[in-house]
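The file model_13.tsv comes next; it holds TSV, C-alpha atoms and all ligand atoms.
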```
chain	number	residue	atom	x	y	z
T	19	MET	CA	46.01	13.01	-43.58
T	20	THR	CA	44.23	14.86	-40.77
T	21	ALA	CA	42.68	13.85	-37.47
T	22	THR	CA	38.96	13.07	-37.19
T	23	ALA	CA	36.67	14.90	-34.74
T	24	ALA	CA	36.86	11.92	-32.35
T	25	GLU	CA	40.66	11.92	-32.55
T	26	ARG	CA	40.81	15.67	-31.92
T	27	ALA	CA	38.62	15.27	-28.81
T	28	ALA	CA	40.78	12.35	-27.68
T	29	MET	CA	43.92	14.48	-28.06
T	30	THR	CA	42.38	17.25	-25.95
T	31	HIS	CA	41.69	14.65	-23.27
T	32	ALA	CA	45.15	13.09	-23.61
T	33	LEU	CA	46.70	16.52	-23.01
T	34	GLU	CA	44.60	16.87	-19.84
T	35	ILE	CA	45.48	13.49	-18.37
T	36	ALA	CA	49.16	13.98	-19.24
T	37	ARG	CA	49.22	16.64	-16.48
T	38	ARG	CA	48.50	13.95	-13.89
T	39	GLY	CA	52.06	12.73	-14.37
T	40	PRO	CA	54.90	14.38	-12.46
T	41	ARG	CA	57.36	16.95	-13.77
T	42	GLY	CA	60.74	15.29	-13.72
T	43	LEU	CA	63.30	13.47	-15.82
T	44	ASN	CA	60.69	12.39	-18.36
T	45	PRO	CA	58.04	14.44	-20.16
T	46	GLN	CA	54.39	14.41	-19.14
T	47	VAL	CA	52.60	12.34	-21.80
T	48	GLY	CA	48.98	11.21	-22.19
T	49	ALA	CA	47.41	8.60	-24.48
T	50	VAL	CA	43.87	7.55	-25.44
T	51	ILE	CA	42.98	4.39	-27.38
T	52	LEU	CA	39.96	4.61	-29.69
T	53	SER	CA	38.01	1.81	-31.35
T	54	PRO	CA	37.71	1.90	-35.18
T	55	ASP	CA	34.35	3.71	-34.76
T	56	GLY	CA	35.86	6.36	-32.45
T	57	ALA	CA	34.74	5.11	-29.01
T	58	VAL	CA	37.19	5.54	-26.13
T	59	LEU	CA	38.58	2.14	-25.10
T	60	ALA	CA	41.32	3.13	-22.63
T	61	GLU	CA	43.49	5.98	-21.47
T	62	GLY	CA	46.93	6.17	-19.94
T	63	TRP	CA	49.58	8.61	-18.81
T	64	HIS	CA	53.22	8.47	-17.85
T	65	ARG	CA	53.85	8.43	-14.09
T	66	GLY	CA	57.55	9.26	-14.22
T	67	ALA	CA	60.93	7.73	-15.03
T	68	GLY	CA	60.98	3.98	-14.47
T	69	THR	CA	57.25	3.51	-15.13
T	70	ALA	CA	55.40	2.57	-18.32
T	71	HIS	CA	55.14	5.16	-21.08
T	72	ALA	CA	51.62	6.54	-21.62
T	73	GLU	CA	50.73	4.46	-24.68
T	74	VAL	CA	51.96	1.23	-23.05
T	75	ASP	CA	49.98	2.13	-19.92
T	76	ALA	CA	46.83	2.47	-22.06
T	77	LEU	CA	47.54	-0.67	-24.15
T	78	SER	CA	48.01	-2.73	-21.00
T	79	GLN	CA	44.38	-2.19	-20.03
T	80	LEU	CA	43.01	-3.88	-23.17
T	81	LEU	CA	42.76	-7.43	-24.48
T	82	PRO	CA	44.42	-8.29	-27.81
T	83	ASP	CA	41.05	-8.59	-29.56
T	84	GLU	CA	40.03	-5.10	-28.49
T	85	LEU	CA	43.19	-3.59	-29.93
T	86	ARG	CA	42.94	-4.89	-33.48
T	87	GLY	CA	42.27	-1.97	-35.82
T	88	ALA	CA	42.29	0.56	-32.94
T	89	THR	CA	43.69	4.11	-33.04
T	90	ALA	CA	46.21	5.38	-30.49
T	91	VAL	CA	46.10	9.12	-29.79
T	92	VAL	CA	49.31	10.24	-28.01
T	93	THR	CA	50.62	13.69	-27.02
T	94	LEU	CA	54.24	12.80	-27.95
T	95	GLU	CA	55.55	10.69	-30.83
T	96	PRO	CA	55.78	7.06	-29.67
T	97	CYS	CA	59.42	6.40	-28.80
T	98	ASN	CA	61.68	4.31	-30.98
T	99	HIS	CA	64.52	3.40	-28.66
T	100	THR	CA	65.27	-0.16	-27.69
T	101	GLY	CA	65.75	-0.97	-24.05
T	102	ARG	CA	64.51	-3.60	-21.66
T	103	THR	CA	60.91	-3.30	-22.84
T	104	GLY	CA	61.42	-2.33	-26.48
T	105	PRO	CA	60.18	0.81	-28.18
T	106	CYS	CA	56.59	2.04	-27.77
T	107	ALA	CA	56.25	2.25	-31.57
T	108	GLN	CA	56.89	-1.50	-31.75
T	109	ALA	CA	54.47	-2.16	-28.88
T	110	LEU	CA	51.73	-0.39	-30.88
T	111	ILE	CA	52.60	-2.40	-34.02
T	112	ASP	CA	52.62	-5.68	-32.07
T	113	ALA	CA	49.25	-4.80	-30.53
T	114	GLY	CA	47.70	-4.48	-34.00
T	115	VAL	CA	46.95	-0.77	-33.75
T	116	ALA	CA	45.95	0.49	-37.24
T	117	ARG	CA	46.38	4.22	-36.76
T	118	VAL	CA	48.41	6.55	-34.54
T	119	VAL	CA	47.68	10.26	-34.08
T	120	TYR	CA	50.30	12.22	-32.14
T	121	ALA	CA	50.94	15.87	-31.34
T	122	LEU	CA	54.67	16.52	-31.09
T	123	ASP	CA	57.75	14.90	-32.64
T	124	ASP	CA	60.07	13.29	-30.09
T	125	PRO	CA	63.22	15.48	-30.07
T	126	GLY	CA	65.55	12.76	-28.76
T	127	ASP	CA	68.35	11.49	-31.02
T	128	HIS	CA	67.73	7.94	-29.82
T	129	SER	CA	64.04	7.96	-28.97
T	130	GLY	CA	62.84	9.82	-32.10
T	131	GLY	CA	61.86	8.05	-35.33
T	132	GLY	CA	58.89	6.17	-33.91
T	133	ALA	CA	56.61	7.59	-36.61
T	134	ASP	CA	58.86	6.21	-39.36
T	135	ARG	CA	58.87	2.78	-37.75
T	136	LEU	CA	55.06	2.82	-37.52
T	137	ARG	CA	54.66	3.91	-41.15
T	138	ALA	CA	57.10	1.23	-42.30
T	139	ALA	CA	54.88	-1.34	-40.57
T	140	GLY	CA	51.84	-0.06	-42.49
T	141	VAL	CA	50.27	1.94	-39.64
T	142	ASP	CA	48.48	5.20	-40.60
T	143	VAL	CA	50.28	8.05	-38.84
T	144	VAL	CA	48.99	11.61	-38.32
T	145	SER	CA	51.40	14.07	-36.68
T	146	GLY	CA	51.06	17.63	-35.42
T	147	GLU	CA	47.54	17.40	-33.95
T	148	GLN	CA	47.40	20.17	-31.27
T	149	ALA	CA	51.18	20.39	-31.40
T	150	ASP	CA	51.28	23.88	-29.88
T	151	ALA	CA	49.36	22.79	-26.78
T	152	ALA	CA	51.58	19.72	-26.43
T	153	ARG	CA	54.71	21.86	-26.78
T	154	ALA	CA	53.44	24.28	-24.14
T	155	LEU	CA	52.69	21.37	-21.78
T	156	ILE	CA	56.28	20.09	-21.85
T	157	ALA	CA	58.11	23.33	-22.69
T	158	ASP	CA	60.37	23.09	-19.64
T	159	TRP	CA	61.27	19.46	-20.38
T	160	LEU	CA	62.05	20.42	-23.99
T	161	ASP	CA	64.34	23.18	-22.65
T	162	VAL	CA	66.25	20.61	-20.59
T	163	GLN	CA	66.72	18.46	-23.70
T	164	ARG	CA	67.93	21.49	-25.69
T	165	LEU	CA	70.24	22.95	-23.03
T	166	GLY	CA	71.43	19.72	-21.43
T	167	ARG	CA	70.63	21.29	-18.03
T	168	PRO	CA	67.66	22.99	-16.34
T	169	ARG	CA	66.56	26.37	-17.68
T	170	VAL	CA	67.92	29.12	-15.40
T	171	THR	CA	66.18	32.37	-14.54
T	172	VAL	CA	68.31	34.89	-12.63
T	173	LYS	CA	66.21	37.37	-10.68
T	174	TRP	CA	67.11	40.39	-8.60
T	175	ALA	CA	65.44	43.48	-7.19
T	176	GLN	CA	67.30	46.76	-7.46
T	177	SER	CA	66.98	50.41	-6.62
T	178	LEU	CA	66.82	52.90	-9.47
T	179	ASP	CA	70.52	53.54	-8.87
T	180	GLY	CA	71.37	49.86	-9.32
T	181	ARG	CA	71.80	48.72	-5.71
T	182	ALA	CA	70.63	45.34	-4.38
T	183	ALA	CA	70.87	46.34	-0.70
T	184	ALA	CA	71.45	49.33	1.53
T	185	ALA	CA	74.94	50.02	2.90
T	186	ASP	CA	74.30	47.84	5.99
T	187	GLY	CA	73.22	44.88	3.84
T	188	SER	CA	69.47	45.17	4.51
T	189	SER	CA	67.38	44.65	1.36
T	190	GLN	CA	63.86	43.73	2.57
T	191	TRP	CA	62.08	45.28	0.92
T	192	ILE	CA	63.31	47.25	-2.07
T	193	THR	CA	60.18	46.60	-4.17
T	194	GLY	CA	56.49	46.88	-3.29
T	195	PRO	CA	53.83	44.21	-2.69
T	196	ASP	CA	52.83	43.83	-6.37
T	197	ALA	CA	56.41	43.05	-7.41
T	198	ARG	CA	56.89	40.66	-4.49
T	199	ALA	CA	53.64	38.82	-5.34
T	200	ASP	CA	54.91	38.49	-8.92
T	201	VAL	CA	58.13	36.91	-7.61
T	202	HIS	CA	56.16	34.38	-5.56
T	203	ARG	CA	54.06	33.35	-8.59
T	204	ARG	CA	57.26	32.80	-10.57
T	205	ARG	CA	58.82	30.83	-7.71
T	206	ALA	CA	55.77	28.54	-7.80
T	207	ALA	CA	56.38	27.91	-11.52
T	208	SER	CA	59.95	26.75	-10.79
T	209	ASP	CA	61.26	23.40	-9.59
T	210	ALA	CA	64.16	24.78	-7.54
T	211	ILE	CA	65.00	28.13	-5.97
T	212	VAL	CA	68.71	28.83	-5.59
T	213	VAL	CA	70.56	31.23	-3.27
T	214	GLY	CA	74.13	31.63	-2.05
T	215	THR	CA	75.15	31.28	1.59
T	216	GLY	CA	75.45	35.10	1.67
T	217	THR	CA	71.69	35.53	1.26
T	218	VAL	CA	70.87	32.86	3.87
T	219	LEU	CA	73.20	34.54	6.38
T	220	ALA	CA	71.97	38.08	5.61
T	221	ASP	CA	68.21	37.59	5.10
T	222	ASP	CA	67.26	34.15	6.51
T	223	PRO	CA	64.73	33.65	3.66
T	224	ALA	CA	62.02	30.94	3.86
T	225	LEU	CA	62.36	30.26	0.08
T	226	THR	CA	58.72	29.18	-0.13
T	227	ALA	CA	56.29	30.33	-2.85
T	228	ARG	CA	53.46	32.14	-1.09
T	229	ASP	CA	50.11	33.63	-2.07
T	230	GLY	CA	49.72	36.02	0.87
T	231	ASP	CA	50.01	33.79	3.94
T	232	ARG	CA	49.11	30.64	2.02
T	233	LEU	CA	51.66	28.34	0.37
T	234	PHE	CA	51.18	27.69	-3.35
T	235	PRO	CA	50.47	23.98	-4.00
T	236	HIS	CA	53.71	23.59	-5.97
T	237	GLN	CA	56.83	24.48	-3.98
T	238	PRO	CA	60.31	24.76	-5.50
T	239	ILE	CA	63.10	22.83	-3.77
T	240	PRO	CA	65.31	25.25	-1.79
T	241	VAL	CA	68.97	25.08	-2.83
T	242	VAL	CA	71.94	26.78	-1.11
T	243	ILE	CA	75.36	27.05	-2.78
T	244	GLY	CA	78.50	27.98	-0.87
T	245	THR	CA	81.08	26.73	1.59
T	246	ARG	CA	80.04	28.61	4.73
T	247	ARG	CA	77.85	26.88	7.29
T	248	THR	CA	74.29	28.12	7.61
T	249	PRO	CA	72.46	28.23	10.97
T	250	ALA	CA	70.74	25.06	12.17
T	251	ASP	CA	67.58	27.08	12.75
T	252	ALA	CA	67.61	28.85	9.34
T	253	ALA	CA	64.03	29.46	8.10
T	254	LEU	CA	64.63	27.46	4.91
T	255	ARG	CA	65.11	24.32	7.02
T	256	ARG	CA	61.37	24.52	7.76
T	257	HIS	CA	60.57	24.47	4.00
T	258	PRO	CA	58.14	21.69	2.90
T	259	HIS	CA	61.01	20.24	0.84
T	260	GLU	CA	64.32	19.17	2.36
T	261	PRO	CA	66.85	21.84	1.28
T	262	LEU	CA	69.81	20.84	-0.88
T	263	PHE	CA	73.23	22.21	0.12
T	264	TYR	CA	76.15	22.30	-2.31
T	265	ALA	CA	79.40	23.14	-0.50
T	266	GLY	CA	81.33	24.58	-3.47
T	267	HIS	CA	81.10	27.11	-6.27
T	268	ASP	CA	80.76	24.83	-9.32
T	269	LEU	CA	77.48	26.04	-10.80
T	270	ALA	CA	77.56	23.68	-13.80
T	271	ALA	CA	77.95	20.70	-11.43
T	272	VAL	CA	75.04	21.93	-9.32
T	273	LEU	CA	72.86	22.26	-12.41
T	274	ALA	CA	73.89	18.79	-13.60
T	275	ASP	CA	72.92	17.30	-10.26
T	276	LEU	CA	69.60	19.18	-10.23
T	277	ARG	CA	68.90	17.95	-13.73
T	278	ASP	CA	69.52	14.35	-12.61
T	279	ARG	CA	66.99	14.93	-9.84
T	280	GLY	CA	64.38	15.89	-12.46
T	281	VAL	CA	64.58	19.67	-11.95
T	282	GLN	CA	63.55	21.40	-15.18
T	283	ARG	CA	63.40	25.06	-14.17
T	284	VAL	CA	65.68	26.88	-11.73
T	285	PHE	CA	65.00	30.28	-10.18
T	286	VAL	CA	68.17	31.99	-8.91
T	287	GLU	CA	67.37	34.47	-6.16
T	288	GLY	CA	70.75	34.87	-4.56
T	289	GLY	CA	72.50	38.11	-3.91
T	290	PRO	CA	74.84	39.96	-6.28
T	291	THR	CA	77.64	37.39	-5.96
T	292	LEU	CA	75.62	34.40	-7.13
T	293	ALA	CA	73.66	36.33	-9.77
T	294	SER	CA	76.95	37.61	-11.20
T	295	ALA	CA	78.51	34.14	-11.14
T	296	PHE	CA	75.60	32.66	-13.15
T	297	LEU	CA	75.79	35.51	-15.67
T	298	ALA	CA	79.58	35.35	-15.94
T	299	ALA	CA	79.40	31.60	-16.61
T	300	GLY	CA	76.81	32.07	-19.37
T	301	LEU	CA	74.34	30.03	-17.33
T	302	ALA	CA	71.50	32.58	-17.25
T	303	ASP	CA	68.78	31.92	-19.83
T	304	ASP	CA	66.39	34.57	-18.53
T	305	VAL	CA	66.94	37.71	-16.48
T	306	LEU	CA	64.23	39.26	-14.32
T	307	ALA	CA	65.24	42.67	-12.98
T	308	TYR	CA	62.71	44.38	-10.70
T	309	LEU	CA	63.39	48.13	-10.66
T	310	ALA	CA	62.07	50.13	-7.72
T	311	PRO	CA	61.82	53.95	-7.67
T	312	VAL	CA	64.08	54.23	-4.66
T	313	LEU	CA	67.68	55.38	-4.22
T	314	LEU	CA	70.09	53.54	-1.92
T	315	GLY	CA	73.54	54.73	-2.95
T	316	GLY	CA	76.49	52.97	-1.33
T	317	PRO	CA	78.63	50.02	-2.42
T	318	ARG	CA	76.12	47.14	-2.71
T	319	LEU	CA	75.60	46.98	-6.45
T	320	ALA	CA	73.04	44.64	-8.01
T	321	LEU	CA	75.82	42.88	-9.93
T	322	THR	CA	79.54	42.59	-9.31
T	323	ASP	CA	82.09	41.34	-11.87
T	324	ILE	CA	80.43	39.54	-14.78
T	325	GLY	CA	83.52	39.56	-16.98
T	326	VAL	CA	82.91	42.81	-18.85
T	327	PRO	CA	86.22	44.75	-19.02
T	328	SER	CA	85.01	47.41	-21.46
T	329	ILE	CA	81.83	48.63	-23.11
T	330	GLY	CA	82.54	46.60	-26.23
T	331	ALA	CA	82.10	43.43	-24.19
T	332	ALA	CA	78.83	44.58	-22.58
T	333	ARG	CA	76.31	41.78	-22.08
T	334	ARG	CA	73.38	43.08	-24.09
T	335	LEU	CA	69.91	41.79	-23.35
T	336	THR	CA	66.75	41.49	-25.39
T	337	VAL	CA	63.80	42.68	-23.33
T	338	ASP	CA	60.68	40.65	-24.09
T	339	GLU	CA	58.52	42.78	-21.81
T	340	TRP	CA	58.62	45.80	-19.52
T	341	LEU	CA	55.95	44.97	-16.95
T	342	PRO	CA	54.68	47.67	-14.55
T	343	LEU	CA	53.97	46.28	-11.08
T	344	GLY	CA	52.50	49.02	-8.90
T	345	PRO	CA	55.24	51.66	-8.61
T	346	ASP	CA	57.92	49.19	-9.79
T	347	LEU	CA	58.94	47.97	-13.23
T	348	LEU	CA	59.98	44.45	-14.19
T	349	ALA	CA	62.32	43.86	-17.12
T	350	ILE	CA	61.81	40.36	-18.53
T	351	ALA	CA	64.93	39.84	-20.60
T	352	ARG	CA	67.37	37.29	-21.97
T	353	PRO	CA	70.94	37.46	-23.19
T	354	GLU	CA	70.99	38.50	-26.84
T	355	GLN	CA	72.84	35.43	-28.07
T	356	GLU	CA	70.18	33.17	-26.58
T	357	ALA	CA	67.74	31.72	-29.08
T	358	ALA	CA	64.13	32.60	-28.34
T	359	PRO	CA	62.27	29.89	-26.40
T	360	GLY	CA	60.86	27.30	-28.79
T	361	ALA	CA	63.39	28.08	-31.53
T	362	GLU	CA	64.64	25.12	-33.50
T	363	THR	CA	67.73	23.65	-31.91
T	364	GLN	CA	69.80	20.53	-31.54
T	365	TYR	CA	68.42	18.22	-28.89
T	366	GLN	CA	70.79	16.13	-26.87
T	367	THR	CA	69.08	13.51	-24.77
T	368	THR	CA	66.34	10.97	-24.77
T	369	ARG	CA	63.48	9.91	-22.61
T	370	ASN	CA	64.23	7.35	-19.95
T	371	GLU	CA	62.92	3.98	-20.78
T	372	GLY	CA	59.87	2.98	-18.82
T	373	ALA	CA	59.72	-0.41	-17.11
T	374	ALA	CA	56.50	-2.00	-18.24
L	1	LIG	N1	68.03	42.73	-4.10
L	1	LIG	C1	67.95	41.44	-4.25
L	1	LIG	O1	67.31	40.93	-5.14
L	1	LIG	C2	68.65	40.56	-3.26
L	1	LIG	C3	68.45	39.18	-3.27
L	1	LIG	C4	69.15	38.38	-2.39
L	1	LIG	C5	70.05	38.98	-1.50
L	1	LIG	N2	70.20	40.32	-1.50
L	1	LIG	C6	71.16	40.97	-0.61
L	1	LIG	O2	72.44	40.58	-1.02
L	1	LIG	C7	73.32	40.54	0.08
L	1	LIG	C8	74.02	39.20	0.08
L	1	LIG	O3	74.81	39.18	-1.08
L	1	LIG	P1	75.75	37.99	-1.47
L	1	LIG	O4	76.31	38.29	-2.80
L	1	LIG	O5	76.67	37.70	-0.32
L	1	LIG	O6	74.70	36.78	-1.53
L	1	LIG	P2	74.71	35.46	-2.40
L	1	LIG	O7	75.09	35.75	-3.80
L	1	LIG	O8	73.40	34.80	-2.18
L	1	LIG	O9	75.83	34.57	-1.70
L	1	LIG	C9	77.18	34.74	-2.02
L	1	LIG	C10	77.95	33.52	-1.60
L	1	LIG	O10	77.56	32.42	-2.41
L	1	LIG	C11	78.61	31.48	-2.42
L	1	LIG	N3	78.82	31.05	-3.80
L	1	LIG	C12	78.22	29.97	-4.36
L	1	LIG	N4	78.58	29.82	-5.61
L	1	LIG	C13	79.43	30.81	-5.91
L	1	LIG	C14	80.15	31.15	-7.07
L	1	LIG	N5	80.05	30.45	-8.21
L	1	LIG	N6	80.96	32.23	-7.03
L	1	LIG	C15	81.06	32.94	-5.91
L	1	LIG	N7	80.40	32.67	-4.76
L	1	LIG	C16	79.60	31.60	-4.75
L	1	LIG	C17	79.80	32.14	-1.75
L	1	LIG	O11	79.74	31.69	-0.40
L	1	LIG	P3	80.85	30.89	0.41
L	1	LIG	O12	81.88	31.91	0.80
L	1	LIG	O13	80.09	30.38	1.60
L	1	LIG	O14	81.40	29.82	-0.44
L	1	LIG	C18	79.43	33.59	-1.80
L	1	LIG	O15	80.03	34.35	-0.79
L	1	LIG	C19	72.49	40.80	1.30
L	1	LIG	O16	72.63	42.16	1.63
L	1	LIG	C20	71.09	40.53	0.83
L	1	LIG	O17	70.13	41.26	1.56
L	1	LIG	C21	69.54	41.13	-2.36
```
Please express the file's structure as structure tokens.
Ligand SMILES: NC(=O)c1ccc[n+]([C@@H]2O[C@H](COP(=O)([O-])OP(=O)(O)OC[C@H]3O[C@@H](n4cnc5c(N)ncnc54)[C@H](OP(=O)(O)O)[C@@H]3O)[C@@H](O)[C@H]2O)c1
Amino acid sequence: MTATAAERAAMTHALEIARRGPRGLNPQVGAVILSPDGAVLAEGWHRGAGTAHAEVDALSQLLPDELRGATAVVTLEPCNHTGRTGPCAQALIDAGVARVVYALDDPGDHSGGGADRLRAAGVDVVSGEQADAARALIADWLDVQRLGRPRVTVKWAQSLDGRAAAADGSSQWITGPDARADVHRRRAASDAIVVGTGTVLADDPALTARDGDRLFPHQPIPVVIGTRRTPADAALRRHPHEPLFYAGHDLAAVLADLRDRGVQRVFVEGGPTLASAFLAAGLADDVLAYLAPVLLGGPRLALTDIGVPSIGAARRLTVDEWLPLGPDLLAIARPEQEAAPGAETQYQTTRNEGAA
């Protein structure tokens, strides 16, 4: 069974309106309800954990008579988990919907299986319509489900001889404007930007994502890890988001807390100590190393101890791309044992139930 032209157009629209919902604990999902002759009756999207799921949002705008024989077009498989409001699959069945077209299977152990429930109730079900676009839309949320924590990118800039700072600790700037603009674009694609107290004390960074002098519309939450106090007038305290301070060294606990706050993607921009700690703990999913054609010498290496006693234990990376940026070169890499993004994996969690 395949989607009709009207259903395909409705899916394209559902993917657009899904973006109106926030990034957070739940995925961005859109839904469009069509009449049996393909006219758009209603649309809905998910506005975040604790609110109605997209299909329930759309259903709620229609009278029972309008829904009989209708088609629901949804970007994610209607959920199947039972909570206060019951599963969305059952809500569609109860509403008398005759056909459901969805893009992506729900990966949750508890929320998946909605398609089977619909089919068992005699509803026509078409899956996989524009699945790639739907997967791209919620790729970061899918990563959180797969990893059980936000996806972590560890970034540093280094001289050609592997130093992250000059002997006196100054490091602004090792790379040129093209590389720094690239960093800001990647900051803007993250939900949180993480440094250690060492970087705050040495560099007083603003931790904003900037396009020249202008702030990007989406700003990552600034996060500082470490036990030392940071100055009351530190630049990051003027960030549009209230900074988060974690007075300890437990990176897994920090990531768990960020995950609970709806953070899906973390950008680690600390100095060598924090970068090394993330790598040593196996908590780096992506590595971005900006190489500048400059020599610094001295003791301030880009990484410190990452738990490699001998060459046999070297942490080998797969480089997905070597990207020239003006005179600099960016290595976009990931630890070799990491599965490629989008690879089939075991998912661990479910969507939060929406309160209707
Ligand atoms: N080239 C680059 O890309 C780049 C980027 C940033 C900074 N830098 C340079 O790096 C230097 C600062 O280096 P840094 O290593 O001190 O900065 P850092 O890695 O940002 O901060 C290190 C501090 O983080 C805290 N920390 C939090 N979690 C930790 C953990 N799991 N293990 C160990 N420590 C943890 C500790 O502080 P407490 O003692 O307070 O607990 C530690 O001293 C400066 O010269 C700066 O200019 C270079």
Kindly indicate which residue among T:Leu314, T:Val218, T:Val337, T:Ala109 lies nearest to ligand LIG 1 (chain L), using only C-alpha atoms and all ligand atoms for the distances.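 Ranked by minimum distance to ligand LIG 1 (chain L), first place goes to T:Val218.
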Among the residues T:Gly288, T:Gly244, T:Pro317, T:Gly146, the one that comes closest to Ala175 (chain T) [using only C-alpha atoms]: T:Gly288
Counting all atoms listed in the file, closest pick from T:Arg198, T:Arg277, T:Arg41, T:Arg169 relative to ligand LIG 1 (chain L) is T:Arg198
If we count all atoms listed in the file and set the cut-off at 7 Å, which residues sit around His259 (chain T), ignoring sequence neighbours fewer than 2 positions away in its own chain? Please answer as a VMD selection string. chain T and resid 239 257 261
Select the residues contacting ligand LIG 1 (chain L) at a distance of at most 6 Å, based on only C-alpha atoms and all ligand atoms, then format the selection as a PyMOL selection string. chain T and resi 174-176+182-183+187-189+213-217+220-221+243-246+267-269+287-292+295
I'd like the neighbourhood of region 297-307 of chain T as an MDAnalysis selection string, where a residue qualifies if any of its atoms comes within 8 Å (using all atoms listed in the file), though same-chain residues fewer than 2 positions away should be ignored. chainID T and resid 169:176 270 293:295 309 323:325 348:353 356
Selected residue of minimal separation from Pro342 (chain T) among T:Val326, T:Ala197, T:Val92, T:Ala206, counting all atoms listed in the file: T:Ala197
Residues within 10 Å of Pro240 (chain T), please, as a list of chain:residue names. Count only C-alpha atoms; anything in the same chain fewer than 3 positions from it doesn't count.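 Returned residues: T:Asp209, T:Ala210, T:Ile211, T:Val212, T:Val213, T:Ala224, T:Leu225, T:Thr226, T:Gln237, T:Leu254, T:Arg255, T:His257, T:Pro258, T:His259, T:Glu260, T:Pro261, T:Leu262, T:Phe263, T:Phe285.
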Work out how far apart CA of Asp112 (chain T) and CA of Asn98 (chain T) are and give it in Å to one decimal. 13.5 Å
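Among the candidate residues T:Met19, T:Ala154, T:Ala252, T:Leu178, the one lying nearest to Leu122 (chain T) is T:Ala154, with distances computed using all atoms listed in the file.
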Tell me, as a VMD selection string, which residues lie within 6 Å of region 83-91 of chain T, counting all atoms listed in the file; anything in the same chain fewer than 2 positions away does not count. chain T and resid 49 to 54 81 114 to 120
What lies within 8 Å of Asp123 (chain T) using only C-alpha atoms, ignoring chain neighbours under 6 positions off, as a VMD selection string? chain T and resid 94 to 95 130 145 to 146
For CA of Val162 (chain T) and CA of Gln282 (chain T), the interatomic separation in Å (one decimal): 6.1 Å
Have a look at T:Ala185, T:Ala250, T:Met29, T:Leu276 and name the one nearest to Gly42 (chain T); count all atoms listed in the file.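 Nearest to Gly42 (chain T): T:Leu276.
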Quick one: pull the distance between CA of Asp278 (chain T) and CA of Ala72 (chain T), Å, one decimal.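 Separating CA of Asp278 (chain T) from CA of Ala72 (chain T) is a distance of 21.5 Å.
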If I put a ball of radius 9 Å at (58.7, 14.7, -18.8) in the file's coordinates, which residues poke into it when counting only C-alpha atoms, written as a compact mmCIF listing (two decimals) with C-alpha atoms, in the frame of the given file?
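In the end it all went to part30.txt:
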```txt
# COMPACT_ATOMS: atom_id res chain seq x y z
CA GLY T 39 52.06 12.73 -14.37
CA PRO T 40 54.90 14.38 -12.46
CA ARG T 41 57.36 16.95 -13.77
CA GLY T 42 60.74 15.29 -13.72
CA LEU T 43 63.30 13.47 -15.82
CA ASN T 44 60.69 12.39 -18.36
CA PRO T 45 58.04 14.44 -20.16
CA GLN T 46 54.39 14.41 -19.14
CA VAL T 47 52.60 12.34 -21.80
CA HIS T 64 53.22 8.47 -17.85
CA GLY T 66 57.55 9.26 -14.22
CA ALA T 67 60.93 7.73 -15.03
CA ILE T 156 56.28 20.09 -21.85
CA ASP T 158 60.37 23.09 -19.64
CA TRP T 159 61.27 19.46 -20.38
CA LEU T 160 62.05 20.42 -23.99
CA GLY T 280 64.38 15.89 -12.46
CA ARG T 369 63.48 9.91 -22.61
```
